[in-house]
file upload-v3.csv (CSV, C-alpha atoms)
chain,number,residue,atom,x,y,z
P,1,MET,CA,7.9,53.9,7.3
P,2,SER,CA,11.0,51.9,6.7
P,3,ASN,CA,11.4,49.3,9.3
P,4,GLY,CA,14.4,48.5,11.5
P,5,ASN,CA,15.5,45.5,9.5
P,6,ASP,CA,16.5,47.6,6.5
P,7,GLU,CA,19.8,48.8,7.8
P,8,ASN,CA,21.1,45.4,8.7
P,9,GLY,CA,19.8,43.9,5.5
P,10,ASP,CA,21.4,46.6,3.4
P,11,GLU,CA,24.8,46.1,4.9
P,12,ASN,CA,24.4,42.5,4.2
P,13,LEU,CA,23.6,43.2,0.6
P,14,GLY,CA,26.6,45.5,0.2
P,15,GLU,CA,28.9,42.8,1.3
P,16,ARG,CA,27.4,40.2,-1.0
P,17,LEU,CA,27.0,42.3,-4.2
P,18,TYR,CA,30.0,44.5,-3.9
P,19,VAL,CA,33.4,43.2,-5.0
P,20,GLU,CA,36.0,45.9,-5.1
P,21,SER,CA,37.7,46.0,-8.5
P,22,PRO,CA,40.3,48.7,-9.3
P,23,ILE,CA,39.6,48.2,-13.0
P,24,ILE,CA,35.9,48.8,-12.8
P,25,MET,CA,36.4,51.7,-10.4
P,26,ALA,CA,38.9,53.4,-12.7
P,27,THR,CA,36.8,52.8,-15.8
P,28,VAL,CA,33.7,54.2,-14.2
P,29,ARG,CA,35.6,57.2,-12.9
P,30,VAL,CA,36.8,58.0,-16.4
P,31,VAL,CA,33.6,57.1,-18.3
P,32,ALA,CA,30.9,58.6,-15.9
P,33,PRO,CA,31.4,62.3,-16.8
P,34,PHE,CA,31.2,61.5,-20.5
P,35,VAL,CA,28.0,59.4,-20.0
P,36,LEU,CA,26.5,62.3,-18.0
P,37,THR,CA,27.4,64.8,-20.7
P,38,PHE,CA,26.0,62.5,-23.4
P,39,GLY,CA,22.8,62.1,-21.4
P,40,LEU,CA,22.4,65.8,-21.0
P,41,PHE,CA,23.2,66.3,-24.7
P,42,ILE,CA,20.5,63.8,-25.7
P,43,MET,CA,18.1,65.6,-23.3
P,44,PHE,CA,18.8,69.2,-24.5
P,45,HIS,CA,19.6,68.5,-28.1
P,46,GLY,CA,16.5,66.3,-28.5
P,47,ALA,CA,14.8,69.4,-30.0
P,48,ASP,CA,17.1,69.5,-33.0
P,49,SER,CA,18.2,65.9,-33.4
P,50,SER,CA,16.9,62.5,-32.3
P,51,GLY,CA,16.6,62.0,-28.6
P,52,GLY,CA,14.7,63.7,-25.8
P,53,GLY,CA,13.8,63.6,-22.2
P,54,PHE,CA,12.9,60.0,-21.9
P,55,GLN,CA,16.1,58.7,-23.5
P,56,GLY,CA,18.3,61.3,-21.9
P,57,GLY,CA,16.9,60.7,-18.5
P,58,VAL,CA,17.6,57.0,-18.8
P,59,ILE,CA,21.2,57.7,-19.8
P,60,VAL,CA,21.7,60.1,-17.0
P,61,SER,CA,20.4,57.6,-14.5
P,62,THR,CA,22.8,55.1,-15.9
P,63,VAL,CA,25.6,57.2,-14.3
P,64,VAL,CA,24.2,56.6,-10.9
P,65,LEU,CA,23.8,52.9,-11.7
P,66,MET,CA,27.4,52.7,-12.9
P,67,VAL,CA,28.7,54.4,-9.8
P,68,ALA,CA,26.6,52.1,-7.6
P,69,ILE,CA,28.0,49.0,-9.2
P,70,ALA,CA,31.6,50.2,-9.1
P,71,PHE,CA,31.7,51.7,-5.6
P,72,GLY,CA,29.0,49.6,-3.8
P,73,ILE,CA,25.2,50.2,-3.7
P,74,GLU,CA,25.1,51.1,0.0
P,75,PRO,CA,27.6,54.0,-0.1
P,76,THR,CA,26.0,55.3,-3.3
P,77,ARG,CA,22.6,55.3,-1.7
P,78,ASP,CA,23.9,57.3,1.2
P,79,TRP,CA,25.6,59.7,-1.2
P,80,VAL,CA,22.4,60.2,-3.3
P,81,ASP,CA,20.1,60.2,-0.3
P,82,PRO,CA,16.8,58.3,-1.1
P,83,THR,CA,14.6,61.1,0.1
P,84,THR,CA,16.1,63.4,-2.5
P,85,ILE,CA,15.1,60.9,-5.3
P,86,VAL,CA,11.4,61.1,-4.2
P,87,ALA,CA,11.6,64.9,-4.0
P,88,VAL,CA,13.2,65.2,-7.4
P,89,MET,CA,10.5,63.0,-8.9
P,90,GLY,CA,7.9,65.4,-7.5
P,91,ILE,CA,9.8,68.4,-8.7
P,92,GLY,CA,9.9,67.0,-12.3
P,93,VAL,CA,6.2,66.4,-12.5
P,94,SER,CA,5.5,69.8,-10.9
P,95,VAL,CA,7.7,71.6,-13.4
P,96,PHE,CA,6.0,70.0,-16.4
P,97,LEU,CA,2.5,70.8,-14.9
P,98,LEU,CA,3.5,74.4,-14.1
P,99,ILE,CA,4.7,75.0,-17.7
P,100,GLY,CA,1.6,73.4,-19.0
P,101,MET,CA,-0.8,75.2,-16.8
P,102,GLY,CA,1.2,78.5,-16.8
P,103,SER,CA,0.2,79.0,-20.4
P,104,VAL,CA,-3.4,78.4,-19.4
P,105,ALA,CA,-3.1,81.0,-16.7
P,106,LEU,CA,-1.7,83.5,-19.2
P,107,GLY,CA,-4.7,83.0,-21.5
P,108,GLY,CA,-3.5,80.3,-23.9
P,109,ARG,CA,-4.2,76.6,-24.1
P,110,PHE,CA,-2.4,73.8,-22.3
P,111,LEU,CA,1.3,74.0,-23.3
P,112,GLU,CA,0.7,76.8,-25.8
P,113,TYR,CA,4.2,78.2,-25.4
P,114,HIS,CA,3.4,81.4,-27.4
P,115,ALA,CA,1.4,82.6,-24.4
P,116,TYR,CA,4.6,83.2,-22.6
P,117,PRO,CA,6.0,86.7,-23.2
P,118,VAL,CA,9.6,85.4,-23.8
P,119,TYR,CA,11.7,85.5,-26.9
P,120,HIS,CA,11.7,82.0,-28.5
P,121,ALA,CA,9.3,80.9,-25.8
P,122,SER,CA,8.4,77.7,-27.7
P,123,LYS,CA,12.0,76.6,-28.1
P,124,TYR,CA,12.9,77.2,-24.4
P,125,GLY,CA,9.6,75.8,-23.3
P,126,ILE,CA,10.2,72.5,-25.1
P,127,GLU,CA,13.7,72.3,-23.7
P,128,LEU,CA,12.3,72.8,-20.2
P,129,VAL,CA,9.6,70.2,-20.7
P,130,GLU,CA,12.3,67.7,-22.0
P,131,LEU,CA,14.4,68.5,-18.9
P,132,ALA,CA,11.4,67.9,-16.6
P,133,ILE,CA,10.7,64.5,-18.4
P,134,GLY,CA,14.4,63.6,-18.1
P,135,VAL,CA,14.4,64.4,-14.4
P,136,ILE,CA,11.3,62.3,-13.8
P,137,VAL,CA,12.6,59.3,-15.7
P,138,ALA,CA,16.1,59.5,-14.2
P,139,SER,CA,14.9,59.7,-10.7
P,140,VAL,CA,12.4,56.9,-11.1
P,141,VAL,CA,15.0,54.6,-12.7
P,142,VAL,CA,17.5,55.3,-9.9
P,143,GLY,CA,14.7,54.8,-7.4
P,144,LEU,CA,13.7,51.4,-8.9
P,145,PHE,CA,17.4,50.4,-8.9
P,146,PHE,CA,17.8,51.1,-5.2
P,147,ALA,CA,14.4,49.6,-4.3
P,148,ILE,CA,15.2,46.4,-6.1
P,149,ALA,CA,18.6,46.3,-4.4
P,150,ALA,CA,17.0,46.8,-1.0
P,151,GLY,CA,14.4,44.1,-2.0
P,152,VAL,CA,17.2,41.6,-2.4
P,153,SER,CA,18.2,41.9,1.2
P,154,HIS,CA,14.6,41.3,2.4
P,155,GLY,CA,14.8,37.8,1.1
P,156,ASP,CA,16.9,36.8,4.1
P,157,ASP,CA,14.7,38.6,6.6
P,158,ALA,CA,11.6,36.5,6.0
P,159,GLU,CA,9.7,39.2,4.2
P,160,PRO,CA,9.0,37.4,1.0
P,161,ALA,CA,5.5,38.7,0.6
P,162,GLU,CA,6.6,42.3,0.0
P,163,SER,CA,9.4,41.5,-2.4
P,164,GLU,CA,7.4,39.0,-4.4
P,165,GLY,CA,4.9,41.8,-5.1
P,166,LEU,CA,7.7,43.8,-6.5
P,167,LEU,CA,9.3,41.2,-8.6
F,1,MET,CA,20.0,41.4,-38.4
F,2,LEU,CA,16.5,39.8,-38.2
F,3,ALA,CA,18.2,36.4,-37.9
F,4,LEU,CA,20.3,37.7,-35.0
F,5,VAL,CA,17.2,39.1,-33.3
F,6,LEU,CA,15.3,35.8,-33.7
F,7,ALA,CA,18.3,33.8,-32.5
F,8,CYS,CA,18.7,36.0,-29.4
F,9,ALA,CA,14.9,35.7,-28.7
F,10,LEU,CA,15.1,31.9,-29.0
F,11,ALA,CA,18.2,31.8,-26.8
F,12,THR,CA,16.4,34.0,-24.2
F,13,ALA,CA,13.5,31.5,-24.2
F,14,VAL,CA,15.5,28.2,-24.0
F,15,LEU,CA,18.6,29.0,-22.0
F,16,ARG,CA,18.5,27.3,-18.6
F,17,ASP,CA,20.9,29.7,-17.0
F,18,VAL,CA,19.0,32.9,-16.1
F,19,LEU,CA,22.2,35.0,-16.4
F,20,GLY,CA,22.7,33.8,-20.0
F,21,SER,CA,19.1,34.4,-20.7
F,22,ILE,CA,19.4,38.0,-19.6
F,23,ILE,CA,22.5,38.6,-21.7
F,24,ALA,CA,20.7,37.1,-24.7
F,25,PHE,CA,17.8,39.4,-24.0
F,26,ALA,CA,20.1,42.5,-23.9
F,27,ALA,CA,21.6,41.4,-27.3
F,28,TYR,CA,18.0,41.0,-28.6
F,29,SER,CA,17.2,44.6,-27.5
F,30,LEU,CA,20.3,45.9,-29.1
F,31,GLY,CA,19.4,44.1,-32.4
F,32,VAL,CA,15.9,45.5,-32.3
F,33,SER,CA,17.2,49.0,-31.7
F,34,ILE,CA,19.5,48.7,-34.7
F,35,ILE,CA,16.5,47.6,-36.7
F,36,TRP,CA,14.6,50.7,-35.6
F,37,VAL,CA,17.5,52.8,-36.9
F,38,PHE,CA,17.3,51.0,-40.2
F,39,LEU,CA,13.6,51.8,-40.3
F,40,ARG,CA,14.4,55.5,-39.9
F,41,ALA,CA,13.1,55.7,-36.3
F,42,PRO,CA,16.3,56.8,-34.4
F,43,ASP,CA,14.3,58.2,-31.5
F,44,VAL,CA,12.7,54.8,-30.9
F,45,GLY,CA,16.0,53.1,-31.5
F,46,LEU,CA,17.7,55.3,-28.9
F,47,THR,CA,15.0,54.4,-26.4
F,48,GLU,CA,15.2,50.7,-27.1
F,49,ALA,CA,19.0,50.8,-26.7
F,50,ALA,CA,19.0,52.8,-23.5
F,51,VAL,CA,16.0,51.1,-21.7
F,52,GLY,CA,15.9,47.7,-23.2
F,53,ALA,CA,19.6,46.9,-23.6
F,54,GLY,CA,20.9,49.1,-20.8
F,55,VAL,CA,18.8,49.7,-17.7
F,56,THR,CA,16.5,46.7,-17.9
F,57,THR,CA,19.5,44.4,-18.0
F,58,VAL,CA,21.0,46.0,-14.9
F,59,LEU,CA,17.6,45.7,-13.1
F,60,PHE,CA,17.3,42.1,-14.1
F,61,LEU,CA,20.9,41.3,-13.0
F,62,LEU,CA,20.1,42.9,-9.7
F,63,THR,CA,17.0,40.8,-9.4
F,64,ILE,CA,18.7,37.5,-10.1
F,65,THR,CA,21.3,38.0,-7.4
F,66,LYS,CA,18.3,37.1,-5.1
F,67,THR,CA,17.8,33.7,-6.9
F,68,VAL,CA,19.9,30.6,-7.1
F,69,ARG,CA,21.3,29.0,-10.1
F,70,PRO,CA,19.4,25.9,-11.2
F,71,ALA,CA,21.3,22.7,-10.4
F,72,GLY,CA,22.5,20.4,-13.1
F,73,GLU,CA,24.8,20.6,-16.1
F,74,LYS,CA,22.2,21.0,-18.9
F,75,ILE,CA,22.5,24.2,-20.9
F,76,LEU,CA,19.0,24.3,-22.4
F,77,GLU,CA,15.7,24.5,-20.5
F,78,PRO,CA,13.3,21.6,-21.4
F,79,ILE,CA,10.7,23.0,-23.8
F,80,ASP,CA,7.1,23.4,-22.7
F,81,TRP,CA,5.2,22.2,-25.8
F,82,THR,CA,1.9,23.6,-24.6
F,83,GLY,CA,3.5,27.0,-24.4
F,84,VAL,CA,5.1,26.6,-27.8
F,85,VAL,CA,1.7,25.8,-29.4
F,86,VAL,CA,0.0,28.8,-27.7
F,87,SER,CA,2.8,31.2,-28.8
F,88,VAL,CA,2.9,29.8,-32.4
F,89,LEU,CA,-0.9,30.3,-32.6
F,90,LEU,CA,-0.6,33.8,-31.3
F,91,VAL,CA,2.2,34.6,-33.8
F,92,GLY,CA,0.0,33.0,-36.5
F,93,VAL,CA,-2.9,35.3,-35.7
F,94,LEU,CA,-0.6,38.3,-35.7
F,95,VAL,CA,1.1,37.3,-38.9
F,96,SER,CA,-2.3,36.9,-40.6
F,97,THR,CA,-2.8,40.7,-40.2
F,98,LEU,CA,0.6,41.5,-41.8
F,99,GLY,CA,-1.0,41.3,-45.3
F,100,ALA,CA,-3.1,44.3,-44.5
F,101,LEU,CA,0.0,46.5,-43.8
F,102,PRO,CA,1.4,48.6,-46.7
F,103,ALA,CA,4.9,47.7,-47.9
F,104,VAL,CA,7.9,49.3,-46.1
F,105,GLY,CA,8.7,52.6,-47.8
F,106,SER,CA,5.5,52.7,-49.8
F,107,ALA,CA,4.3,56.2,-50.7
F,108,GLU,CA,0.7,55.3,-50.2
F,109,THR,CA,0.7,54.5,-46.5
F,110,PRO,CA,-1.9,56.4,-44.4
F,111,VAL,CA,1.0,58.0,-42.5
F,112,ALA,CA,2.6,59.4,-45.7
F,113,THR,CA,-0.6,60.6,-47.3
F,114,SER,CA,-2.4,61.9,-44.2
F,115,GLU,CA,-2.8,65.7,-44.1
F,116,VAL,CA,-1.8,65.7,-40.4
F,117,THR,CA,1.7,64.4,-41.4
F,118,ASP,CA,2.0,67.2,-44.0
F,119,TYR,CA,0.9,69.7,-41.5
F,120,TYR,CA,3.4,68.7,-38.9
F,121,LEU,CA,6.2,68.5,-41.4
F,122,ASP,CA,5.3,71.9,-43.0
F,123,ASN,CA,4.6,73.9,-39.9
F,124,ALA,CA,6.6,72.2,-37.0
F,125,TYR,CA,9.6,74.5,-37.4
F,126,GLU,CA,7.7,77.8,-37.7
F,127,GLU,CA,5.3,77.0,-34.9
F,128,THR,CA,7.5,75.3,-32.3
F,129,GLU,CA,11.0,76.4,-33.3
F,130,VAL,CA,12.5,73.0,-33.0
F,131,LYS,CA,14.0,71.0,-35.9
F,132,ASN,CA,13.1,67.5,-34.8
F,133,ALA,CA,9.5,67.0,-35.8
F,134,VAL,CA,9.3,64.1,-33.4
F,135,THR,CA,10.1,66.4,-30.5
F,136,ALA,CA,7.7,69.0,-31.8
F,137,VAL,CA,4.8,66.5,-31.8
F,138,LEU,CA,5.9,65.1,-28.5
F,139,ALA,CA,6.4,68.2,-26.5
F,140,SER,CA,4.1,70.7,-28.3
F,141,TYR,CA,1.3,69.3,-30.4
F,142,ARG,CA,0.7,66.3,-28.2
F,143,GLY,CA,2.0,67.8,-25.0
F,144,PHE,CA,-0.9,66.7,-22.9
F,145,ASP,CA,-0.3,63.0,-24.0
F,146,THR,CA,3.3,63.4,-23.0
F,147,LEU,CA,2.3,64.7,-19.6
F,148,GLY,CA,0.3,61.6,-19.2
F,149,GLU,CA,3.3,59.5,-20.2
F,150,ALA,CA,5.6,61.3,-17.8
F,151,VAL,CA,3.0,60.8,-15.0
F,152,VAL,CA,2.8,57.1,-15.8
F,153,VAL,CA,6.5,56.9,-15.1
F,154,PHE,CA,6.0,58.9,-12.0
F,155,ALA,CA,3.1,56.6,-10.9
F,156,ALA,CA,5.4,53.6,-11.4
F,157,GLY,CA,7.8,55.0,-8.9
F,158,ILE,CA,5.1,56.0,-6.5
F,159,GLY,CA,3.3,52.7,-6.9
F,160,LEU,CA,6.5,50.8,-6.0
F,161,LEU,CA,6.8,52.8,-2.8
F,162,VAL,CA,3.1,52.1,-2.0
F,163,VAL,CA,3.6,48.4,-2.5
F,164,LEU,CA,6.7,48.4,-0.4
F,165,GLN,CA,5.0,50.6,2.2
F,166,LYS,CA,8.0,52.9,2.3
F,167,GLU,CA,8.4,56.6,1.9
F,168,GLU,CA,11.8,56.5,0.2
F,169,PHE,CA,13.7,54.2,-2.1
F,170,ALA,CA,15.8,52.3,0.4

call {"tool": "encode", "arguments": {"input": "upload-v3.csv", "output": "structure tokens"}}
result
Amino acid sequence: MSNGNDENGDENLGERLYVESPIIMATVRVVAPFVLTFGLFIMFHGADSSGGGFQGGVIVSTVVLMVAIAFGIEPTRDWVDPTTIVAVMGIGVSVFLLIGMGSVALGGRFLEYHAYPVYHASKYGIELVELAIGVIVASVVVGLFFAIAAGVSHGDDAEPAESEGLL
Amino acid sequence: MLALVLACALATAVLRDVLGSIIAFAAYSLGVSIIWVFLRAPDVGLTEAAVGAGVTTVLFLLTITKTVRPAGEKILEPIDWTGVVVSVLLVGVLVSTLGALPAVGSAETPVATSEVTDYYLDNAYEETEVKNAVTAVLASYRGFDTLGEAVVVFAAGIGLLVVLQKEEFA
């Protein structure tokens, strides 16, 4: 239901917010893979050290935020594709629910991992749940980022009611 | 460290420039996260550092690009004394409950003496096969609560879309 004003407004925003800087672009290009790895590490290794899905998800989402700030929000949004973010959000919740309800279907209680006939079911189950949480958190944070960025442009298009509700 | 956190909190409240206020707020979050690590709560510290000092700052910065800088050369915001009185009263009420808390590191806290804690610490590894007891509680013993938590985050995203009357984040 996005209205026609969005496209014009977003280009506007890209011009205003985005200042091309070779230093920032090069830094992000070098740092982003490490941040992504660190986020995934926090997500997966949360089982054995501190960390977990919530923290890891936020760190992974930071990668998209960094790329957006370095290379412009509008190209990044096209690259990520906003519809995918919503889909990924739904997938995360579904995976969590499926793991939880799957053990019920197999005769256990909610999230009783031992109901699964898999070796080390509990360990892998927890990793999967952490991953699902991370996916939810990362996609919601990225979504909030893009939504707020789009909300900025609405200020010019005489749609203050909508953006005020958000902010 | 406490002094740094308090100074940053004060700076956040009184700085006239919103950008400066946000930076002070990020520093405040970082200080709080270091305090969490000192209190042996690295999981909470990690969350505070990632969310409070990281993402929230970016979202705030994005938000203030929509606003204008206040005119004038003054650095500090004029202080609203009614607000100060109210917040001091609130803090006073909260501080009056501090006496009921056990000392930091005391062995007689309900957390340390509760049999639930012992059960988690004794059985978490055998039952859930993960070494981090926090994760064991989060994803296994209290898995249903965590599902609720994750759905709250999900609902925040969906709620935003509903408010904006959109079907995608654009």

call {"tool": "atom_distance", "arguments": {"input": "upload-v3.csv", "atom1": "CA of Leu101 (chain F)", "atom2": "CA of Val44 (chain F)"}}
result
19.9 Å

call {"tool": "closest_residue", "arguments": {"input": "upload-v3.csv", "among": "F:Asp145, F:Asp43, F:Glu168, F:Asp17", "to": "Glu77 (chain F)", "atoms": "all atoms listed in the file"}}
result
F:Asp17

call {"tool": "closest_residue", "arguments": {"input": "upload-v3.csv", "among": "P:Asp48, P:Glu127, P:Asp78, P:Glu20", "to": "chain F", "atoms": "all atoms listed in the file"}}
result
P:Asp48

call {"tool": "closest_atom_pairs", "arguments": {"input": "upload-v3.csv", "of": "chain F", "to": "chain P", "cutoff": "8 Å", "atoms": "only C-alpha atoms", "output": "CSV"}}
result
residue,atom,partner,partner_atom,distance
F:Pro42,CA,P:Ser50,CA,6.1
F:Asp43,CA,P:Ser50,CA,5.1
F:Leu46,CA,P:Gln55,CA,6.6
F:Thr47,CA,P:Gln55,CA,5.3
F:Ala50,CA,P:Val58,CA,6.5
F:Val51,CA,P:Val58,CA,6.8
F:Gly54,CA,P:Thr62,CA,8.0
F:Val55,CA,P:Thr62,CA,7.0
F:Leu59,CA,P:Phe145,CA,6.3
F:Leu62,CA,P:Ala149,CA,6.5
F:Thr63,CA,P:Ile148,CA,6.7
F:Thr65,CA,P:Val152,CA,7.4
F:Lys66,CA,P:Val152,CA,5.4
F:Glu127,CA,P:Ser122,CA,7.9
F:Thr128,CA,P:Ser122,CA,5.3
F:Glu129,CA,P:Lys123,CA,5.3
F:Val130,CA,P:Ala47,CA,5.2
F:Lys131,CA,P:Asp48,CA,4.5
F:Asn132,CA,P:Asp48,CA,4.8
F:Val134,CA,P:Ser50,CA,7.8
F:Thr135,CA,P:Ala47,CA,5.6
F:Ala136,CA,P:Ala47,CA,7.3
F:Ala139,CA,P:Ile126,CA,5.9
F:Ser140,CA,P:Leu111,CA,6.6
F:Gly143,CA,P:Leu111,CA,6.5
F:Phe144,CA,P:Phe110,CA,7.3
F:Leu147,CA,P:Phe96,CA,7.2
F:Ala150,CA,P:Ile133,CA,6.1
F:Val151,CA,P:Val93,CA,6.9
F:Val153,CA,P:Val137,CA,6.6
F:Phe154,CA,P:Ile136,CA,6.5
F:Ala156,CA,P:Val140,CA,7.7
F:Gly157,CA,P:Val140,CA,5.4
F:Leu160,CA,P:Leu166,CA,7.1
F:Val163,CA,P:Gly165,CA,7.2
F:Leu164,CA,P:Glu162,CA,6.1
F:Gln165,CA,P:Met1,CA,6.7
F:Lys166,CA,P:Met1,CA,5.1
F:Glu167,CA,P:Met1,CA,6.1
F:Glu168,CA,P:Thr83,CA,5.4
F:Phe169,CA,P:Ala147,CA,5.1
F:Ala170,CA,P:Ala147,CA,5.6

call {"tool": "closest_residue", "arguments": {"input": "upload-v3.csv", "among": "F:Pro102, F:Gly45, F:Gly52, F:Pro78", "to": "Ala27 (chain F)", "atoms": "only C-alpha atoms"}}
result
F:Gly52

call {"tool": "atom_distance", "arguments": {"input": "upload-v3.csv", "atom1": "CA of Leu30 (chain F)", "atom2": "CA of Phe34 (chain P)"}}
result
20.9 Å

call {"tool": "closest_atom_pairs", "arguments": {"input": "upload-v3.csv", "of": "region 38-96 of chain F", "to": "region 9-16 of chain F", "cutoff": "9 Å", "atoms": "all atoms listed in the file", "output": "Markdown table"}}
result
| residue | atom | partner | partner_atom | distance |
| --- | --- | --- | --- | --- |
| F:Pro70 | CA | F:Arg16 | CA | 7.6 |
| F:Lys74 | CA | F:Arg16 | CA | 7.3 |
| F:Ile75 | CA | F:Arg16 | CA | 5.6 |
| F:Leu76 | CA | F:Leu15 | CA | 4.7 |
| F:Glu77 | CA | F:Arg16 | CA | 4.4 |
| F:Pro78 | CA | F:Val14 | CA | 7.4 |
| F:Ile79 | CA | F:Val14 | CA | 7.1 |

call {"tool": "atom_distance", "arguments": {"input": "upload-v3.csv", "atom1": "CA of Glu48 (chain F)", "atom2": "CA of Ser33 (chain F)"}}
result
5.3 Å

call {"tool": "closest_residue", "arguments": {"input": "upload-v3.csv", "among": "P:Val118, P:Val28, P:Val67, P:Ile91", "to": "Ser103 (chain P)", "atoms": "only C-alpha atoms"}}
result
P:Val118

call {"tool": "build_atoms", "arguments": {"input": "upload-v3.csv", "residues": "region 42-49 of chain P", "atoms": "all heavy atoms", "output": "PDB file, in the frame of the given file"}}
result
ATOM      1  N   ILE P  42      21.676  64.455 -25.076  1.00  0.00           N
ATOM      2  CA  ILE P  42      20.500  63.800 -25.700  1.00  0.00           C
ATOM      3  C   ILE P  42      19.241  64.567 -25.196  1.00  0.00           C
ATOM      4  O   ILE P  42      18.307  64.834 -25.957  1.00  0.00           O
ATOM      5  CB  ILE P  42      20.417  62.343 -25.264  1.00  0.00           C
ATOM      6  CG1 ILE P  42      21.560  61.551 -25.904  1.00  0.00           C
ATOM      7  CG2 ILE P  42      19.078  61.732 -25.651  1.00  0.00           C
ATOM      8  CD1 ILE P  42      21.334  61.164 -27.316  1.00  0.00           C
ATOM      9  N   MET P  43      19.232  64.935 -23.896  1.00  0.00           N
ATOM     10  CA  MET P  43      18.100  65.600 -23.300  1.00  0.00           C
ATOM     11  C   MET P  43      17.855  66.971 -23.981  1.00  0.00           C
ATOM     12  O   MET P  43      16.765  67.314 -24.409  1.00  0.00           O
ATOM     13  CB  MET P  43      18.274  65.760 -21.836  1.00  0.00           C
ATOM     14  CG  MET P  43      17.074  65.384 -21.016  1.00  0.00           C
ATOM     15  SD  MET P  43      17.315  65.841 -19.317  1.00  0.00           S
ATOM     16  CE  MET P  43      18.247  64.477 -18.692  1.00  0.00           C
ATOM     17  N   PHE P  44      18.926  67.776 -24.045  1.00  0.00           N
ATOM     18  CA  PHE P  44      18.800  69.200 -24.500  1.00  0.00           C
ATOM     19  C   PHE P  44      18.723  69.217 -26.045  1.00  0.00           C
ATOM     20  O   PHE P  44      17.988  70.008 -26.610  1.00  0.00           O
ATOM     21  CB  PHE P  44      19.953  70.010 -24.046  1.00  0.00           C
ATOM     22  CG  PHE P  44      19.821  70.413 -22.619  1.00  0.00           C
ATOM     23  CD1 PHE P  44      20.701  69.949 -21.677  1.00  0.00           C
ATOM     24  CD2 PHE P  44      18.785  71.237 -22.214  1.00  0.00           C
ATOM     25  CE1 PHE P  44      20.570  70.307 -20.360  1.00  0.00           C
ATOM     26  CE2 PHE P  44      18.646  71.597 -20.903  1.00  0.00           C
ATOM     27  CZ  PHE P  44      19.547  71.132 -19.974  1.00  0.00           C
ATOM     28  N   HIS P  45      19.541  68.374 -26.704  1.00  0.00           N
ATOM     29  CA  HIS P  45      19.600  68.500 -28.100  1.00  0.00           C
ATOM     30  C   HIS P  45      18.463  67.673 -28.786  1.00  0.00           C
ATOM     31  O   HIS P  45      18.357  67.608 -30.008  1.00  0.00           O
ATOM     32  CB  HIS P  45      20.950  67.945 -28.655  1.00  0.00           C
ATOM     33  CG  HIS P  45      21.416  68.631 -29.891  1.00  0.00           C
ATOM     34  ND1 HIS P  45      21.362  68.030 -31.116  1.00  0.00           N
ATOM     35  CD2 HIS P  45      21.899  69.862 -30.102  1.00  0.00           C
ATOM     36  CE1 HIS P  45      21.812  68.861 -32.025  1.00  0.00           C
ATOM     37  NE2 HIS P  45      22.140  69.982 -31.435  1.00  0.00           N
ATOM     38  N   GLY P  46      17.602  67.062 -27.964  1.00  0.00           N
ATOM     39  CA  GLY P  46      16.500  66.300 -28.500  1.00  0.00           C
ATOM     40  C   GLY P  46      15.585  67.212 -29.368  1.00  0.00           C
ATOM     41  O   GLY P  46      14.864  66.729 -30.231  1.00  0.00           O
ATOM     42  N   ALA P  47      15.665  68.534 -29.164  1.00  0.00           N
ATOM     43  CA  ALA P  47      14.800  69.400 -30.000  1.00  0.00           C
ATOM     44  C   ALA P  47      15.295  69.487 -31.404  1.00  0.00           C
ATOM     45  O   ALA P  47      14.479  69.668 -32.300  1.00  0.00           O
ATOM     46  CB  ALA P  47      14.874  70.829 -29.353  1.00  0.00           C
ATOM     47  N   ASP P  48      16.596  69.312 -31.633  1.00  0.00           N
ATOM     48  CA  ASP P  48      17.100  69.500 -33.000  1.00  0.00           C
ATOM     49  C   ASP P  48      17.608  68.190 -33.624  1.00  0.00           C
ATOM     50  O   ASP P  48      17.839  68.144 -34.826  1.00  0.00           O
ATOM     51  CB  ASP P  48      18.234  70.513 -32.998  1.00  0.00           C
ATOM     52  CG  ASP P  48      17.682  71.910 -32.792  1.00  0.00           C
ATOM     53  OD1 ASP P  48      16.488  72.101 -33.069  1.00  0.00           O
ATOM     54  OD2 ASP P  48      18.434  72.786 -32.350  1.00  0.00           O
ATOM     55  N   SER P  49      17.836  67.154 -32.828  1.00  0.00           N
ATOM     56  CA  SER P  49      18.200  65.900 -33.400  1.00  0.00           C
ATOM     57  C   SER P  49      17.425  64.809 -32.621  1.00  0.00           C
ATOM     58  O   SER P  49      16.649  65.139 -31.740  1.00  0.00           O
ATOM     59  CB  SER P  49      19.707  65.624 -33.299  1.00  0.00           C
ATOM     60  OG  SER P  49      20.080  65.572 -31.947  1.00  0.00           O
TER      61      SER P  49
END
